[in-house]
Amino acid sequence: MAVKTWVWVVVALVGVAVLGLIALVGAGAYFVAREIDTRPASKLSAEQEFSKELERFGDQKPLIEIDETGHNVSSNFDPMRPAAATKPEVMVVMIWDPQDERIVRVRLPFWLLRLGSHGESGSIRFGSKDNSITFERLNISVQDLERLGPALIVSHHSPRGERVLIWTQ
């Protein structure tokens, strides 16, 4: 019995779709492995690493300031600030967790930030559903961050000892 041509076409399309899905999952796993760095760190070594990263910004104030409770957030963003000569390529999020004594560093390329931003304002959400910081709430978009160039975005110590540093470079 001869198999109709359309059956072969459907089988080929399903095969290509499955291969494409496998390639997409593999590319995602590779991206995560390459862009997320986690390693053990004592309190002293974590503070040294955070200080080293902060040195590049001198006395620059973070664009976003968070109080000790993590609830009150204010912005030092000036929308009239002139555009920088260089655009940042990545946003780096560095977190130290005192319970696990680990530093986690995540590098987010701006193409991904643009892709993942919501709505016209290009909002980015940090934190959990109940306690989150959004750039939209602070009237800062991905496009604003690109225009500002490399900048210190957040430098925060929590009362429980966690340390968060976010910057663009």
# chains A, B, ... in the order shown; residues from 1 in each chain; ligands from 1
>>> select_by_dssp(residues="segment 8-134 of chain A", states="strand (DSSP E)", output="MDAnalysis selection string")
chainID A and resid 36:40 64:66 73:75 90:97 102:109 125:127 132:134
>>> closest_residue(among="A:Val92, A:Val10, A:Ala85, A:Ile140", to="Val104 of chain A", atoms="only C-alpha atoms")
A:Val92
>>> atom_distance(atom1="atom CA of Ser74 of chain A", atom2="atom CA of Ile36 of chain A")
28.0 Å
>>> closest_residue(among="A:Thr38, A:Asn76, A:Thr86, A:Ser155", to="Phe50 of chain A", atoms="only C-alpha atoms")
A:Ser155
>>> closest_residue(among="A:Glu65, A:Glu55, A:Asp78, A:Asp37", to="Ile153 of chain A", atoms="only C-alpha atoms")
A:Glu65
>>> closest_residue(among="A:Leu24, A:Met80, A:Ala17, A:Ile95", to="Glu162 of chain A", atoms="only C-alpha atoms")
A:Ile95
>>> closest_residue(among="A:Val73, A:Ile103, A:Pro62, A:Phe31", to="Thr168 of chain A", atoms="only C-alpha atoms")
A:Pro62
>>> residues_around(residues="Leu108 of chain A", least_positions_apart="5", cutoff="12 Å", atoms="only C-alpha atoms", output="PDB file with N, CA and C atoms, in the first residue's frame")
ATOM      1  N   PHE A  31      22.765  28.989  27.330  1.00  0.00           N
ATOM      2  CA  PHE A  31      22.711  30.393  27.742  1.00  0.00           C
ATOM      3  C   PHE A  31      22.737  30.509  29.262  1.00  0.00           C
ATOM      4  N   VAL A  32      21.902  29.717  29.942  1.00  0.00           N
ATOM      5  CA  VAL A  32      21.829  29.777  31.397  1.00  0.00           C
ATOM      6  C   VAL A  32      23.170  29.381  32.008  1.00  0.00           C
ATOM      7  N   ARG A  34      26.100  29.653  30.730  1.00  0.00           N
ATOM      8  CA  ARG A  34      27.126  30.645  30.416  1.00  0.00           C
ATOM      9  C   ARG A  34      26.914  31.960  31.151  1.00  0.00           C
ATOM     10  N   GLU A  35      25.679  32.362  31.386  1.00  0.00           N
ATOM     11  CA  GLU A  35      25.373  33.687  31.926  1.00  0.00           C
ATOM     12  C   GLU A  35      25.098  33.706  33.423  1.00  0.00           C
ATOM     13  N   ILE A  36      25.015  32.559  34.071  1.00  0.00           N
ATOM     14  CA  ILE A  36      24.792  32.515  35.519  1.00  0.00           C
ATOM     15  C   ILE A  36      26.017  31.885  36.166  1.00  0.00           C
ATOM     16  N   ASP A  37      26.582  32.618  37.117  1.00  0.00           N
ATOM     17  CA  ASP A  37      27.759  32.139  37.845  1.00  0.00           C
ATOM     18  C   ASP A  37      27.398  32.109  39.323  1.00  0.00           C
ATOM     19  N   PRO A  88      25.190  50.496  27.196  1.00  0.00           N
ATOM     20  CA  PRO A  88      25.545  49.263  27.900  1.00  0.00           C
ATOM     21  C   PRO A  88      25.120  48.042  27.078  1.00  0.00           C
ATOM     22  N   GLU A  89      25.842  46.971  27.273  1.00  0.00           N
ATOM     23  CA  GLU A  89      25.528  45.731  26.562  1.00  0.00           C
ATOM     24  C   GLU A  89      24.826  44.718  27.458  1.00  0.00           C
ATOM     25  N   VAL A  90      25.115  44.775  28.773  1.00  0.00           N
ATOM     26  CA  VAL A  90      24.515  43.816  29.700  1.00  0.00           C
ATOM     27  C   VAL A  90      24.125  44.490  31.006  1.00  0.00           C
ATOM     28  N   MET A  91      23.150  43.891  31.672  1.00  0.00           N
ATOM     29  CA  MET A  91      22.813  44.250  33.042  1.00  0.00           C
ATOM     30  C   MET A  91      23.311  43.093  33.903  1.00  0.00           C
ATOM     31  N   VAL A  92      24.053  43.420  34.954  1.00  0.00           N
ATOM     32  CA  VAL A  92      24.592  42.398  35.842  1.00  0.00           C
ATOM     33  C   VAL A  92      23.870  42.488  37.185  1.00  0.00           C
ATOM     34  N   VAL A  93      23.397  41.359  37.666  1.00  0.00           N
ATOM     35  CA  VAL A  93      22.755  41.270  38.973  1.00  0.00           C
ATOM     36  C   VAL A  93      23.640  40.367  39.820  1.00  0.00           C
ATOM     37  N   MET A  94      24.136  40.912  40.942  1.00  0.00           N
ATOM     38  CA  MET A  94      25.002  40.150  41.846  1.00  0.00           C
ATOM     39  C   MET A  94      24.337  40.106  43.214  1.00  0.00           C
ATOM     40  N   LEU A 113      16.701  41.841  27.653  1.00  0.00           N
ATOM     41  CA  LEU A 113      15.892  42.781  28.434  1.00  0.00           C
ATOM     42  C   LEU A 113      14.823  43.429  27.558  1.00  0.00           C
ATOM     43  N   ARG A 114      15.215  43.815  26.341  1.00  0.00           N
ATOM     44  CA  ARG A 114      14.240  44.413  25.427  1.00  0.00           C
ATOM     45  C   ARG A 114      13.160  43.407  25.063  1.00  0.00           C
ATOM     46  N   LEU A 115      13.570  42.174  24.838  1.00  0.00           N
ATOM     47  CA  LEU A 115      12.635  41.113  24.474  1.00  0.00           C
ATOM     48  C   LEU A 115      11.680  40.801  25.612  1.00  0.00           C
ATOM     49  N   GLY A 116      12.202  40.813  26.861  1.00  0.00           N
ATOM     50  CA  GLY A 116      11.397  40.451  28.021  1.00  0.00           C
ATOM     51  C   GLY A 116      10.652  41.596  28.664  1.00  0.00           C
ATOM     52  N   ILE A 124      10.730  46.195  33.739  1.00  0.00           N
ATOM     53  CA  ILE A 124      11.415  45.004  34.231  1.00  0.00           C
ATOM     54  C   ILE A 124      11.005  44.841  35.673  1.00  0.00           C
ATOM     55  N   VAL A 142      13.835  50.143  29.875  1.00  0.00           N
ATOM     56  CA  VAL A 142      15.046  49.558  29.296  1.00  0.00           C
ATOM     57  C   VAL A 142      15.710  50.577  28.368  1.00  0.00           C
ATOM     58  N   ILE A 166      23.159  45.773  41.386  1.00  0.00           N
ATOM     59  CA  ILE A 166      22.733  45.682  39.991  1.00  0.00           C
ATOM     60  C   ILE A 166      23.341  46.854  39.252  1.00  0.00           C
ATOM     61  N   TRP A 167      23.959  46.567  38.103  1.00  0.00           N
ATOM     62  CA  TRP A 167      24.559  47.620  37.295  1.00  0.00           C
ATOM     63  C   TRP A 167      24.510  47.242  35.819  1.00  0.00           C
ATOM     64  N   THR A 168      24.723  48.247  34.986  1.00  0.00           N
ATOM     65  CA  THR A 168      24.844  47.992  33.547  1.00  0.00           C
ATOM     66  C   THR A 168      26.270  48.267  33.128  1.00  0.00           C
ATOM     67  N   GLN A 169      26.735  47.528  32.142  1.00  0.00           N
ATOM     68  CA  GLN A 169      28.083  47.722  31.631  1.00  0.00           C
ATOM     69  C   GLN A 169      28.125  47.461  30.143  1.00  0.00           C
TER      70      GLN A 169
END
>>> atom_distance(atom1="atom CA of Pro79 of chain A", atom2="atom CA of Ser51 of chain A")
27.9 Å
>>> closest_residue(among="A:Arg163, A:Lys43, A:Lys61, A:Lys52", to="Phe77 of chain A", atoms="only C-alpha atoms")
A:Lys61
>>> select_by_dssp(residues="chain A", states="alpha helix (DSSP H)", output="JSON, numbers by chain")
{"A": [5, 6, 7, 8, 9, 10, 11, 12, 13, 14, 15, 16, 17, 18, 19, 20, 21, 22, 23, 24, 25, 26, 27, 28, 29, 30, 31, 32, 33, 34, 35, 43, 44, 45, 46, 47, 48, 49, 50, 51, 52, 53, 54, 55, 110, 111, 112, 113, 114, 115, 116, 142, 143, 144, 145, 146, 147, 148]}
>>> residues_around(residues="Arg81 of chain A", least_positions_apart="6", cutoff="10 Å", atoms="only C-alpha atoms", output="list in words")
Asp144, Arg147 and Leu148 of chain A
>>> residues_around(residues="His157 of chain A", least_positions_apart="3", cutoff="12 Å", atoms="only C-alpha atoms", output="list of chain:residue names")
A:Glu47, A:Phe50, A:Glu65, A:Ile66, A:Asp67, A:Glu68, A:Thr69, A:Gly70, A:Ile95, A:Trp96, A:Asp97, A:Pro98, A:Val154, A:Arg160, A:Gly161, A:Glu162, A:Arg163, A:Val164, A:Leu165
>>> write_last_selection(atoms="N, CA and C atoms", output="tab-separated table (two decimals), in the first residue's frame")
chain	number	residue	atom	x	y	z
A	47	GLU	N	31.99	40.73	50.70
A	47	GLU	CA	32.12	42.18	50.84
A	47	GLU	C	33.26	42.73	49.99
A	50	PHE	N	32.00	42.76	46.38
A	50	PHE	CA	31.05	43.85	46.17
A	50	PHE	C	31.77	45.20	46.14
A	65	GLU	N	17.11	53.48	45.06
A	65	GLU	CA	17.51	53.28	46.45
A	65	GLU	C	16.38	52.60	47.20
A	66	ILE	N	16.74	51.56	47.94
A	66	ILE	CA	15.78	50.76	48.68
A	66	ILE	C	16.11	50.88	50.16
A	67	ASP	N	15.09	51.12	50.98
A	67	ASP	CA	15.36	51.22	52.42
A	67	ASP	C	15.63	49.83	53.02
A	68	GLU	N	15.93	49.80	54.31
A	68	GLU	CA	16.30	48.55	54.98
A	68	GLU	C	15.19	47.51	54.92
A	69	THR	N	13.94	47.96	54.93
A	69	THR	CA	12.83	47.00	54.92
A	69	THR	C	12.62	46.39	53.54
A	70	GLY	N	13.14	47.04	52.52
A	70	GLY	CA	12.95	46.55	51.17
A	70	GLY	C	11.64	46.99	50.55
A	95	ILE	N	24.19	38.90	43.75
A	95	ILE	CA	23.49	38.70	45.02
A	95	ILE	C	24.34	37.82	45.93
A	96	TRP	N	24.43	38.21	47.19
A	96	TRP	CA	25.08	37.35	48.19
A	96	TRP	C	24.04	36.93	49.19
A	97	ASP	N	23.94	35.62	49.41
A	97	ASP	CA	22.99	35.06	50.37
A	97	ASP	C	23.78	34.56	51.58
A	98	PRO	N	23.60	35.18	52.76
A	98	PRO	CA	24.38	34.79	53.93
A	98	PRO	C	24.02	33.39	54.45
A	154	VAL	N	21.25	49.49	41.49
A	154	VAL	CA	20.85	49.20	42.86
A	154	VAL	C	22.07	48.74	43.65
A	160	ARG	N	18.66	41.20	57.03
A	160	ARG	CA	19.04	39.80	57.23
A	160	ARG	C	20.43	39.51	56.70
A	161	GLY	N	21.07	40.52	56.08
A	161	GLY	CA	22.44	40.34	55.62
A	161	GLY	C	22.61	40.11	54.13
A	162	GLU	N	21.52	39.94	53.40
A	162	GLU	CA	21.64	39.77	51.96
A	162	GLU	C	22.21	41.04	51.34
A	163	ARG	N	22.91	40.87	50.26
A	163	ARG	CA	23.52	42.00	49.56
A	163	ARG	C	23.13	41.88	48.10
A	164	VAL	N	22.67	42.99	47.50
A	164	VAL	CA	22.26	43.01	46.10
A	164	VAL	C	22.94	44.18	45.42
A	165	LEU	N	23.50	43.90	44.26
A	165	LEU	CA	24.13	44.95	43.45
A	165	LEU	C	23.69	44.72	42.01
